[in-house]
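Taking it in order: structure first as structure tokens, then the write-up.
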Amino acid sequence: MTQLHHLSVHELAQGLKDKTFSSSDLVKHFANRIDSLDAKTNSFITKDFDNALKHAELADKLRHNGDTRVLLGVPMAHKDNLCTKGTLTTAGSKMLHNFVSPYDATVVENIANAGFVSLGKLNMDEFAMGSDNESSHFGAVHNPWDLDRVPGGSSGGSAAAVASGFVPVATGSDTGGSIRQPASFCGVTGIKPTYGRVSRYGMIAYASSLDQAGTFGKSALDCAYLLEPMTGYDAKDATSINRPTDSLVADILATATDSDKPLAGKKIGVAKAYFGAGLDGEVEQSIRAALAQYEALGAEIVEVDITDPAITLATYYLLAPAEASSNLSRYDGVRFGYRCENPKDLADLYTRSRSEGFGAEVQRRIIMGTYALSAGYFDAYYIKAQKVRRLIVEDFNKAFEKCDIIASPTAPTTAYKLGESLDPATIYLGDVYTIGVNLAGLPALSHPVGTANGLPVGLQLIGKHWAESELLQTAHIYQANTQFHKELPSIAKLG
């Protein structure tokens, strides 16, 4: 019972079915770990253990009475930009430090309906704007592999919680790499699905044409268990796509992994543009070794062309801040959230509420976006960036004519030190391999493939639209033949 946090979701579900342990046992076990160890990582903003235990006890009763939901009673946690009814939902910001949501996000509702039990809300970069989780109003998250380093962002709390063994799986959101980059830094698996696959209703917006919720787990199979109930059409989200949902878990469980060449016939594309200046040498070695492993498993490695990542980066940092400027205009100190004290007049209320409620990185992106949308520069910047976005989509489509999946490093480096005085441009370069996926609306995942400088390295797999199942199966085959996803930081070995 002391090693419950080492079990996969599949093993936890089987143990619950076999009555080896109860959901109440699981909630108590994970809650005790969080209480005793989370001070090291600061992964959680809100711990909701009392409610979790009530739901766990109900899950145990339902199972005893014949409820056959596979995931009934399995613990998890949510990134704190997903609205949860009756629970603090902050998006990591002072602006929402006291906001208790009156409703559940569709993702939260779907996951609860599948039987999962939420232990609370996880730390994140403020309004999901950041790549290191240092912009949170509730303090930086620490990487479980080295507590002096960042976990990545913006879903750093989610990645750190899974890596630390605080929860088996967690939700995240990804606007430009915010699931994949922290998955790489923390040595876990994370997937961002196709835009429109998962409802955005109730997810606090950063950039509406780019945001998409996804999952973290120790393995591709763990991610699939949480992602599958999240997917599906939602009439409350105008960007939700009405198409049949996939049986992600069943597809993985049916995947043959023990043949000599389980990936025979699979073409994996590799672009020279992803291996240029800025890529750490040791990170590249791990990525090349992973590609060689994929080749040994039967995949054919082919060369493809892709948009220069520098162009993609510039396009993203025009469009995303522009959408953020628009989305965050609603936080005015009037209806909800932070309100400055003793405003002199309406203008003072707006000005001080926003300047005091938003952190430096959020203010920076609002200003950048407002500039790009301003009358004198709208055509020169925003419209031009939208045209380039179309070309990025076309480049991906052309690349997929030659391959089934595109592989790249997830991040150019391993996790850097907390508090390093990196300028914003250098931090933004950490997203250089991930943001094109969001601009094109494609699915992508990151899974661990080794270490560099003693820290985890992730490989990114990019799929065609709606190819989540293919991505998860491919990563699963790799993980069935390697052990990198089973390596644990020291904190996960405690307790």
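A note on labels: chains of the structure tokens are A, B, ... as shown, every chain counts residues from 1, and ligands are counted from 1 in their shown order.
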Legend entry - Test item: residues at most 9 Å from region 262-279 of chain A, only C-alpha atoms, excluding those fewer than 6 positions along its chain, as an MDAnalysis selection string: chainID A and resid 255:256 291 294:309 399:400 402:409 411:413 429 432:433 461 474 477
Inset, instruction - Determine which residues of region 6-36 of chain A DSSP labels as helix (DSSP H, G or I) from the backbone of this structure, then write them out as a PyMOL selection string. - result: chain A and resi 6+9-17+23-36
Need to verify the contact set: Asp332 (chain A), 12 Å, only C-alpha atoms, exclusion of same-chain residues closer than 3 positions in sequence. Can you return it as a compact mmCIF listing (two decimals) with N, CA and C atoms, in the first residue's frame?
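Contents of selection-v9.txt, as written:
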# COMPACT_ATOMS: atom_id res chain seq x y z
N MET A 95 -5.39 38.56 -10.10
CA MET A 95 -6.65 39.07 -10.63
C MET A 95 -7.83 38.18 -10.25
N LEU A 96 -7.61 36.87 -10.14
CA LEU A 96 -8.67 35.93 -9.82
C LEU A 96 -8.40 35.22 -8.48
N ASN A 327 -8.97 39.03 -24.95
CA ASN A 327 -9.60 38.17 -23.94
C ASN A 327 -9.50 38.74 -22.53
N LEU A 328 -8.40 39.38 -22.22
CA LEU A 328 -8.19 39.85 -20.85
C LEU A 328 -8.76 41.23 -20.61
N SER A 329 -9.39 41.80 -21.63
CA SER A 329 -10.01 43.12 -21.43
C SER A 329 -11.20 43.04 -20.48
N ARG A 335 -16.83 43.41 -12.38
CA ARG A 335 -17.76 42.29 -12.25
C ARG A 335 -17.27 41.19 -11.31
N PHE A 336 -16.01 40.85 -11.40
CA PHE A 336 -15.46 39.79 -10.55
C PHE A 336 -13.95 39.95 -10.52
N GLY A 337 -13.32 39.21 -9.61
CA GLY A 337 -11.87 39.25 -9.54
C GLY A 337 -11.34 40.42 -8.72
N TYR A 338 -10.07 40.71 -8.89
CA TYR A 338 -9.39 41.72 -8.09
C TYR A 338 -9.95 43.13 -8.38
N ARG A 339 -10.12 43.91 -7.32
CA ARG A 339 -10.58 45.30 -7.43
C ARG A 339 -9.70 46.15 -6.53
N CYS A 340 -9.12 47.19 -7.07
CA CYS A 340 -8.25 48.05 -6.27
C CYS A 340 -9.03 48.73 -5.15
N LEU A 346 -13.79 56.08 -12.26
CA LEU A 346 -13.84 54.86 -13.07
C LEU A 346 -12.51 54.58 -13.75
N ALA A 347 -11.88 55.61 -14.27
CA ALA A 347 -10.59 55.42 -14.94
C ALA A 347 -9.54 54.90 -13.96
N ASP A 348 -9.54 55.40 -12.74
CA ASP A 348 -8.61 54.95 -11.72
C ASP A 348 -8.91 53.49 -11.33
N LEU A 349 -10.21 53.14 -11.28
CA LEU A 349 -10.60 51.77 -10.98
C LEU A 349 -10.03 50.82 -12.03
N TYR A 350 -10.23 51.14 -13.30
CA TYR A 350 -9.72 50.29 -14.37
C TYR A 350 -8.20 50.19 -14.33
N THR A 351 -7.56 51.33 -14.24
CA THR A 351 -6.10 51.39 -14.35
C THR A 351 -5.43 50.64 -13.20
N ARG A 352 -5.83 50.96 -11.97
CA ARG A 352 -5.16 50.33 -10.84
C ARG A 352 -5.55 48.86 -10.65
N SER A 353 -6.79 48.52 -10.93
CA SER A 353 -7.19 47.11 -10.81
C SER A 353 -6.39 46.24 -11.77
N ARG A 354 -6.19 46.72 -12.98
CA ARG A 354 -5.45 45.93 -13.96
C ARG A 354 -3.95 45.94 -13.71
N SER A 355 -3.40 47.10 -13.33
CA SER A 355 -1.96 47.16 -13.10
C SER A 355 -1.56 46.43 -11.81
N GLU A 356 -2.45 46.41 -10.83
CA GLU A 356 -2.16 45.70 -9.59
C GLU A 356 -2.53 44.22 -9.68
N GLY A 357 -3.54 43.90 -10.50
CA GLY A 357 -4.03 42.53 -10.57
C GLY A 357 -3.26 41.64 -11.51
N PHE A 358 -2.68 42.21 -12.57
CA PHE A 358 -1.90 41.45 -13.53
C PHE A 358 -0.42 41.52 -13.20
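For the pair CA of Pro102 (chain A) and CA of Ser209 (chain A), the interatomic distance is 24.8 Å.
Of the listed residues A:Asn242, A:Thr106, A:Thr46, A:Gln285, the one whose atoms come nearest to Tyr201 (chain A) is A:Thr106, with distances taken using only C-alpha atoms.
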Find the residues around Leu494 (chain A) up to 12 Å (only C-alpha atoms counted), leave out those fewer than 4 positions away in its own chain, and share them as a PDB file with all heavy atoms, in the first residue's frame.
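Generated file (around-v8.pdb):
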ATOM      1  N   THR A   2       2.117   1.133   0.403  1.00  0.00           N
ATOM      2  CA  THR A   2       2.953   2.328   0.487  1.00  0.00           C
ATOM      3  C   THR A   2       3.411   2.807  -0.889  1.00  0.00           C
ATOM      4  O   THR A   2       3.900   3.913  -1.008  1.00  0.00           O
ATOM      5  CB  THR A   2       4.183   2.068   1.372  1.00  0.00           C
ATOM      6  OG1 THR A   2       4.930   0.974   0.824  1.00  0.00           O
ATOM      7  CG2 THR A   2       3.749   1.733   2.797  1.00  0.00           C
ATOM      8  N   GLN A   3       3.275   1.964  -1.925  1.00  0.00           N
ATOM      9  CA  GLN A   3       3.778   2.323  -3.251  1.00  0.00           C
ATOM     10  C   GLN A   3       2.653   2.556  -4.251  1.00  0.00           C
ATOM     11  O   GLN A   3       2.839   2.410  -5.455  1.00  0.00           O
ATOM     12  CB  GLN A   3       4.704   1.201  -3.759  1.00  0.00           C
ATOM     13  CG  GLN A   3       5.896   0.918  -2.867  1.00  0.00           C
ATOM     14  CD  GLN A   3       6.794   2.128  -2.709  1.00  0.00           C
ATOM     15  OE1 GLN A   3       7.141   2.774  -3.701  1.00  0.00           O
ATOM     16  NE2 GLN A   3       7.177   2.443  -1.499  1.00  0.00           N
ATOM     17  N   LEU A   4       1.477   2.938  -3.770  1.00  0.00           N
ATOM     18  CA  LEU A   4       0.339   3.140  -4.659  1.00  0.00           C
ATOM     19  C   LEU A   4       0.621   4.202  -5.714  1.00  0.00           C
ATOM     20  O   LEU A   4       0.099   4.132  -6.837  1.00  0.00           O
ATOM     21  CB  LEU A   4      -0.902   3.526  -3.849  1.00  0.00           C
ATOM     22  CG  LEU A   4      -1.513   2.430  -2.968  1.00  0.00           C
ATOM     23  CD1 LEU A   4      -2.626   3.012  -2.098  1.00  0.00           C
ATOM     24  CD2 LEU A   4      -2.056   1.290  -3.820  1.00  0.00           C
ATOM     25  N   HIS A   5       1.434   5.182  -5.365  1.00  0.00           N
ATOM     26  CA  HIS A   5       1.712   6.269  -6.309  1.00  0.00           C
ATOM     27  C   HIS A   5       2.625   5.836  -7.454  1.00  0.00           C
ATOM     28  O   HIS A   5       2.849   6.613  -8.381  1.00  0.00           O
ATOM     29  CB  HIS A   5       2.309   7.474  -5.577  1.00  0.00           C
ATOM     30  CG  HIS A   5       3.531   7.149  -4.775  1.00  0.00           C
ATOM     31  ND1 HIS A   5       3.478   6.511  -3.562  1.00  0.00           N
ATOM     32  CD2 HIS A   5       4.843   7.381  -5.025  1.00  0.00           C
ATOM     33  CE1 HIS A   5       4.690   6.373  -3.083  1.00  0.00           C
ATOM     34  NE2 HIS A   5       5.540   6.887  -3.950  1.00  0.00           N
ATOM     35  N   HIS A   6       3.170   4.627  -7.386  1.00  0.00           N
ATOM     36  CA  HIS A   6       3.979   4.121  -8.493  1.00  0.00           C
ATOM     37  C   HIS A   6       3.135   3.385  -9.520  1.00  0.00           C
ATOM     38  O   HIS A   6       3.633   3.034 -10.592  1.00  0.00           O
ATOM     39  CB  HIS A   6       5.075   3.188  -7.969  1.00  0.00           C
ATOM     40  CG  HIS A   6       6.133   3.895  -7.198  1.00  0.00           C
ATOM     41  ND1 HIS A   6       7.049   3.243  -6.396  1.00  0.00           N
ATOM     42  CD2 HIS A   6       6.432   5.211  -7.088  1.00  0.00           C
ATOM     43  CE1 HIS A   6       7.855   4.125  -5.820  1.00  0.00           C
ATOM     44  NE2 HIS A   6       7.497   5.324  -6.232  1.00  0.00           N
ATOM     45  N   ASN A  32      -1.943  12.398   1.657  1.00  0.00           N
ATOM     46  CA  ASN A  32      -0.842  12.393   2.621  1.00  0.00           C
ATOM     47  C   ASN A  32       0.479  12.751   1.961  1.00  0.00           C
ATOM     48  O   ASN A  32       1.295  13.489   2.527  1.00  0.00           O
ATOM     49  CB  ASN A  32      -0.736  11.013   3.292  1.00  0.00           C
ATOM     50  CG  ASN A  32      -1.842  10.768   4.297  1.00  0.00           C
ATOM     51  OD1 ASN A  32      -2.426  11.709   4.826  1.00  0.00           O
ATOM     52  ND2 ASN A  32      -2.135   9.505   4.572  1.00  0.00           N
ATOM     53  N   ARG A  33       0.696  12.236   0.751  1.00  0.00           N
ATOM     54  CA  ARG A  33       1.931  12.580   0.016  1.00  0.00           C
ATOM     55  C   ARG A  33       1.978  14.075  -0.288  1.00  0.00           C
ATOM     56  O   ARG A  33       3.016  14.721  -0.123  1.00  0.00           O
ATOM     57  CB  ARG A  33       2.008  11.783  -1.295  1.00  0.00           C
ATOM     58  CG  ARG A  33       2.430  10.339  -1.126  1.00  0.00           C
ATOM     59  CD  ARG A  33       2.630   9.659  -2.470  1.00  0.00           C
ATOM     60  NE  ARG A  33       3.590  10.372  -3.301  1.00  0.00           N
ATOM     61  CZ  ARG A  33       4.902  10.361  -3.141  1.00  0.00           C
ATOM     62  NH1 ARG A  33       5.428   9.671  -2.127  1.00  0.00           N
ATOM     63  NH2 ARG A  33       5.696  11.031  -3.945  1.00  0.00           N
ATOM     64  N   ILE A  34       0.852  14.602  -0.748  1.00  0.00           N
ATOM     65  CA  ILE A  34       0.812  16.027  -1.087  1.00  0.00           C
ATOM     66  C   ILE A  34       1.051  16.875   0.165  1.00  0.00           C
ATOM     67  O   ILE A  34       1.832  17.839   0.142  1.00  0.00           O
ATOM     68  CB  ILE A  34      -0.530  16.376  -1.748  1.00  0.00           C
ATOM     69  CG1 ILE A  34      -0.664  15.646  -3.091  1.00  0.00           C
ATOM     70  CG2 ILE A  34      -0.666  17.886  -1.956  1.00  0.00           C
ATOM     71  CD1 ILE A  34      -2.072  15.592  -3.640  1.00  0.00           C
ATOM     72  N   SER A  36       2.648  16.163   2.839  1.00  0.00           N
ATOM     73  CA  SER A  36       3.999  16.037   3.400  1.00  0.00           C
ATOM     74  C   SER A  36       5.102  16.499   2.451  1.00  0.00           C
ATOM     75  O   SER A  36       6.182  16.879   2.906  1.00  0.00           O
ATOM     76  CB  SER A  36       4.266  14.583   3.810  1.00  0.00           C
ATOM     77  OG  SER A  36       4.181  13.718   2.685  1.00  0.00           O
ATOM     78  N   LEU A  37       4.824  16.521   1.129  1.00  0.00           N
ATOM     79  CA  LEU A  37       5.912  16.765   0.179  1.00  0.00           C
ATOM     80  C   LEU A  37       5.710  17.957  -0.752  1.00  0.00           C
ATOM     81  O   LEU A  37       6.675  18.431  -1.355  1.00  0.00           O
ATOM     82  CB  LEU A  37       6.143  15.507  -0.683  1.00  0.00           C
ATOM     83  CG  LEU A  37       6.613  14.257   0.056  1.00  0.00           C
ATOM     84  CD1 LEU A  37       6.584  13.042  -0.875  1.00  0.00           C
ATOM     85  CD2 LEU A  37       8.024  14.472   0.604  1.00  0.00           C
ATOM     86  N   ASP A  38       4.475  18.450  -0.872  1.00  0.00           N
ATOM     87  CA  ASP A  38       4.253  19.500  -1.866  1.00  0.00           C
ATOM     88  C   ASP A  38       4.908  20.824  -1.508  1.00  0.00           C
ATOM     89  O   ASP A  38       5.083  21.679  -2.376  1.00  0.00           O
ATOM     90  CB  ASP A  38       2.760  19.720  -2.121  1.00  0.00           C
ATOM     91  CG  ASP A  38       2.514  20.659  -3.306  1.00  0.00           C
ATOM     92  OD1 ASP A  38       3.179  20.478  -4.343  1.00  0.00           O
ATOM     93  OD2 ASP A  38       1.699  21.573  -3.173  1.00  0.00           O
ATOM     94  N   PRO A 144      10.668  18.558  -9.820  1.00  0.00           N
ATOM     95  CA  PRO A 144      10.972  17.453  -8.902  1.00  0.00           C
ATOM     96  C   PRO A 144      12.327  16.802  -9.140  1.00  0.00           C
ATOM     97  O   PRO A 144      12.880  16.170  -8.229  1.00  0.00           O
ATOM     98  CB  PRO A 144       9.847  16.445  -9.161  1.00  0.00           C
ATOM     99  CG  PRO A 144       8.850  17.114  -9.994  1.00  0.00           C
ATOM    100  CD  PRO A 144       9.452  18.346 -10.592  1.00  0.00           C
ATOM    101  N   SER A 164       6.090  13.886  -9.418  1.00  0.00           N
ATOM    102  CA  SER A 164       6.350  13.703  -7.989  1.00  0.00           C
ATOM    103  C   SER A 164       5.550  12.561  -7.378  1.00  0.00           C
ATOM    104  O   SER A 164       5.774  12.192  -6.231  1.00  0.00           O
ATOM    105  CB  SER A 164       6.021  14.994  -7.227  1.00  0.00           C
ATOM    106  OG  SER A 164       6.794  16.079  -7.675  1.00  0.00           O
ATOM    107  N   GLY A 165       4.592  12.015  -8.137  1.00  0.00           N
ATOM    108  CA  GLY A 165       3.739  10.982  -7.591  1.00  0.00           C
ATOM    109  C   GLY A 165       2.656  11.530  -6.687  1.00  0.00           C
ATOM    110  O   GLY A 165       2.173  10.841  -5.792  1.00  0.00           O
ATOM    111  N   PHE A 166       2.237  12.779  -6.921  1.00  0.00           N
ATOM    112  CA  PHE A 166       1.139  13.369  -6.150  1.00  0.00           C
ATOM    113  C   PHE A 166      -0.214  12.993  -6.744  1.00  0.00           C
ATOM    114  O   PHE A 166      -1.224  12.958  -6.046  1.00  0.00           O
ATOM    115  CB  PHE A 166       1.266  14.891  -6.103  1.00  0.00           C
ATOM    116  CG  PHE A 166       2.491  15.385  -5.394  1.00  0.00           C
ATOM    117  CD1 PHE A 166       2.999  16.648  -5.657  1.00  0.00           C
ATOM    118  CD2 PHE A 166       3.144  14.606  -4.453  1.00  0.00           C
ATOM    119  CE1 PHE A 166       4.131  17.133  -5.003  1.00  0.00           C
ATOM    120  CE2 PHE A 166       4.279  15.061  -3.796  1.00  0.00           C
ATOM    121  CZ  PHE A 166       4.774  16.332  -4.070  1.00  0.00           C
ATOM    122  N   LEU A 488      12.310   7.790 -12.149  1.00  0.00           N
ATOM    123  CA  LEU A 488      11.632   8.646 -11.188  1.00  0.00           C
ATOM    124  C   LEU A 488      12.593   9.633 -10.542  1.00  0.00           C
ATOM    125  O   LEU A 488      13.740   9.274 -10.239  1.00  0.00           O
ATOM    126  CB  LEU A 488      10.984   7.800 -10.079  1.00  0.00           C
ATOM    127  CG  LEU A 488       9.952   6.759 -10.514  1.00  0.00           C
ATOM    128  CD1 LEU A 488       9.576   5.890  -9.319  1.00  0.00           C
ATOM    129  CD2 LEU A 488       8.718   7.430 -11.086  1.00  0.00           C
ATOM    130  N   PRO A 489      12.150  10.859 -10.278  1.00  0.00           N
ATOM    131  CA  PRO A 489      12.954  11.770  -9.461  1.00  0.00           C
ATOM    132  C   PRO A 489      12.936  11.284  -8.017  1.00  0.00           C
ATOM    133  O   PRO A 489      12.067  10.500  -7.614  1.00  0.00           O
ATOM    134  CB  PRO A 489      12.217  13.104  -9.616  1.00  0.00           C
ATOM    135  CG  PRO A 489      10.801  12.737  -9.888  1.00  0.00           C
ATOM    136  CD  PRO A 489      10.862  11.463 -10.675  1.00  0.00           C
ATOM    137  N   SER A 490      13.875  11.751  -7.228  1.00  0.00           N
ATOM    138  CA  SER A 490      13.994  11.264  -5.851  1.00  0.00           C
ATOM    139  C   SER A 490      12.727  11.500  -5.023  1.00  0.00           C
ATOM    140  O   SER A 490      12.350  10.674  -4.209  1.00  0.00           O
ATOM    141  CB  SER A 490      15.196  11.912  -5.165  1.00  0.00           C
ATOM    142  OG  SER A 490      15.066  13.331  -5.169  1.00  0.00           O
TER     143      SER A 490
END
Inset, instruction - Report as an MDAnalysis selection string: the residues of region 113-180 of chain A with a DSSP assignment of strand (DSSP E), based on the backbone of this structure. - result: chainID A and resid 117:122 169:174
Legend entry - Point-to-point distance in Å for CA of Thr410 (chain A) and CA of Ser446 (chain A):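 CA of Thr410 (chain A) lies 6.4 Å from CA of Ser446 (chain A).
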Inset, instruction - May I ask for the distance between CA of Leu445 (chain A) and CA of Pro193 (chain A), given in Å to one decimal place? - result: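 Taking CA of Leu445 (chain A) and CA of Pro193 (chain A), their separation equals 8.2 Å.
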Could you give me, as a PDB file with C-alpha atoms, in the first residue's frame, the residues within 9 Å of Gly177 (chain A), counting only C-alpha atoms and dropping anything in the same chain fewer than 4 positions from it?
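This is the output file selection26.pdb:
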ATOM      1  CA  SER A 131       7.373  28.772 -20.054  1.00  0.00           C
ATOM      2  CA  GLY A 153       5.201  26.149 -18.189  1.00  0.00           C
ATOM      3  CA  SER A 154       2.580  27.075 -18.242  1.00  0.00           C
ATOM      4  CA  SER A 173      -3.710  23.344 -21.327  1.00  0.00           C
ATOM      5  CA  GLN A 181       7.474  21.616 -22.688  1.00  0.00           C
ATOM      6  CA  PRO A 182       6.817  20.939 -18.970  1.00  0.00           C
ATOM      7  CA  LYS A 192      -2.096  18.336 -26.690  1.00  0.00           C
ATOM      8  CA  THR A 410      10.274  19.152 -27.520  1.00  0.00           C
ATOM      9  CA  ASP A 431       8.816  27.315 -27.329  1.00  0.00           C
ATOM     10  CA  VAL A 432      10.465  27.337 -30.725  1.00  0.00           C
ATOM     11  CA  TYR A 433       9.680  23.665 -31.534  1.00  0.00           C
ATOM     12  CA  THR A 434       6.169  23.548 -30.093  1.00  0.00           C
ATOM     13  CA  ILE A 435       4.271  26.649 -31.195  1.00  0.00           C
ATOM     14  CA  VAL A 437       1.619  22.818 -33.738  1.00  0.00           C
ATOM     15  CA  ASN A 438      -0.813  25.269 -32.108  1.00  0.00           C
TER      16      ASN A 438
END
Inset, instruction - Do a neighbour search on Leu391 (chain A) at 10 Å with only C-alpha atoms, toss out local chain neighbours closer than 5 positions, and write the hits as a PyMOL selection string. - result: chain A and resi 307+312+385-386+396-397+440
